[in-house]
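Report on one structure; see the data block that follows.
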Amino acid sequence: MAMKYKSSDSRKVPAQPPQWNQFLICSVCENEFNRTDRCPISLGCGHTVCRGCLGDLKHPQCQFDQNSITCDISDLPVNSALLLLVPEEESHKGSVEMRGVSQKGKENFHPGNIAQCVKLYDKSKKHIEELALLLRPNKGNELSRPMQRKLVALINCQLVEEEGRKRALRAGRALGERSATELILLHQNPTTLSASLWAAVRARGCQFLGPAMQE
């Protein structure tokens with residue numbers, strides 16, 4: 001069955017972005033990211049597109065949810081966390097210039113303490129890059145599917161725009177809560193866990209389990 005498309009600025013855009021586990025694919029052209037002309041660049045709304053598709057935009061907004069891009073497109077940094085997961089071709093090693101926040105990009109930070117904001121930005125970016133390595137298939141870490149999904153949401157956050165920073169805070173909190181839940185489940189006695197689960201169900205009037213409990 002042919003894929004349905006909606007109208008866009010300069011090219012056909014898929015009606016839906018890729019699934020969450022296809023995080024190394026551009027949301028617009030559906031090509032895999034690389035380290036040259038298709039570097040991953042995340043938007044404040046959480047969608048990530050390649051450099052080529054971003055340059056084709058006629059209006060500063062996401063092509064999926066129409067959220068505005070509040071800074072100059074040229075000031076949006078490459079998503080370094082995702083780039084760590086992109087296979088490095090021998091001919092393209094070192095071809096990506098990883099730069100910090102541009103002068104215009106700094107205008108999105110708190111005007112009273114830009115220097116401190118830049119330090120926090122760099123530190124946050126480094127921590128997200130370290131977490132992103134857990135998604136490497138050869139890393140040997142068996143992350144659960146819910147953990148993978150929440151981690152993907154975090155590494156697709158863009159920290160230059162305020163909306164992206166808010167999204168990163170929510171994603172980080174969700175990841176932390178899920179980590180705590182899985183630690184409890186790991187060390188909980190199965191019999192006690194089952195009894196506690198059914199007690200919680202009865203307390204809610206035997207309603208259907210919510211998404212959090214299903215996970």
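Here's how to read the names in the structure tokens: chain A, B, ... by the order shown, residue numbers from 1 in each chain, ligand numbers from 1 in the order shown.
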Please identify all polymer residues within 8 Å of Ala168 (chain A), counting only C-alpha atoms, omitting same-chain residues fewer than 2 positions from it, and present them as a VMD selection string.
chain A and resid 154 157 to 159 164 to 166 170 to 172
I need the residue nearest Glu161 (chain A) from this list: A:Asp75, A:Glu129, A:Glu30, A:Asp37. Use only C-alpha atoms for the distance.
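Ranked by minimum distance to Glu161 (chain A), first place goes to A:Asp75.
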Within 10 Å of Leu131 (chain A) using only C-alpha atoms, minus same-chain residues under 2 positions, as a list in words:
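Close residues of Leu131 (chain A): Ala81, Lys125, Lys126, His127, Ile128, Glu129, Leu133, Leu134, Leu135, Leu151, Val152, Leu154 and Ile155 of chain A.
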Could you work out how far CA of His59 (chain A) lies from CA of His47 (chain A), giving the answer in Å with one decimal?
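Between CA of His47 (chain A) and CA of His59 (chain A) the gap works out to 15.8 Å.
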Would you please work out which residue, of A:Cys62, A:Leu185, A:Arg167, A:Asn156, is nearest to Leu197 (chain A) when using only C-alpha atoms?
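For Leu197 (chain A), the nearest of the candidates is A:Leu185.
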Take CA of Ile41 (chain A) and CA of Asp56 (chain A) and report the distance between them in Å, one decimal.
13.3 Å
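If you measure from each of A:Asn34, A:Gln148, A:Gln19, A:Gln116 to Ser179 (chain A) using only C-alpha atoms, the closest one turns out to be A:Gln148.
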Considering only C-alpha atoms, return as a list of chain:residue names whatever protein or nucleic-acid residues lie within 9 Å of Leu24 (chain A), sequence-local ones (same chain, fewer than 5 positions apart) excluded.
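These residues fall inside the cut-off: A:Asn31, A:Glu32, A:Phe33, A:Asn34, A:Pro40, A:Leu82, A:Leu83, A:Leu85, A:Val86.
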Residues as selected, C-alpha atoms, written as an mmCIF file, in the first residue's frame, can you do that?
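Once written, result_8.cif looks like this:
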data_model
loop_
_atom_site.group_PDB
_atom_site.id
_atom_site.type_symbol
_atom_site.label_atom_id
_atom_site.label_comp_id
_atom_site.auth_asym_id
_atom_site.auth_seq_id
_atom_site.Cartn_x
_atom_site.Cartn_y
_atom_site.Cartn_z
ATOM 1 C CA ASN A 31 17.101 8.383 5.034
ATOM 2 C CA GLU A 32 19.592 7.250 7.633
ATOM 3 C CA PHE A 33 21.654 9.952 9.292
ATOM 4 C CA ASN A 34 25.319 10.223 8.387
ATOM 5 C CA PRO A 40 20.945 14.773 12.823
ATOM 6 C CA LEU A 82 22.644 10.723 18.114
ATOM 7 C CA LEU A 83 25.785 11.226 16.071
ATOM 8 C CA LEU A 85 25.252 6.127 17.324
ATOM 9 C CA VAL A 86 25.681 6.787 13.599
#
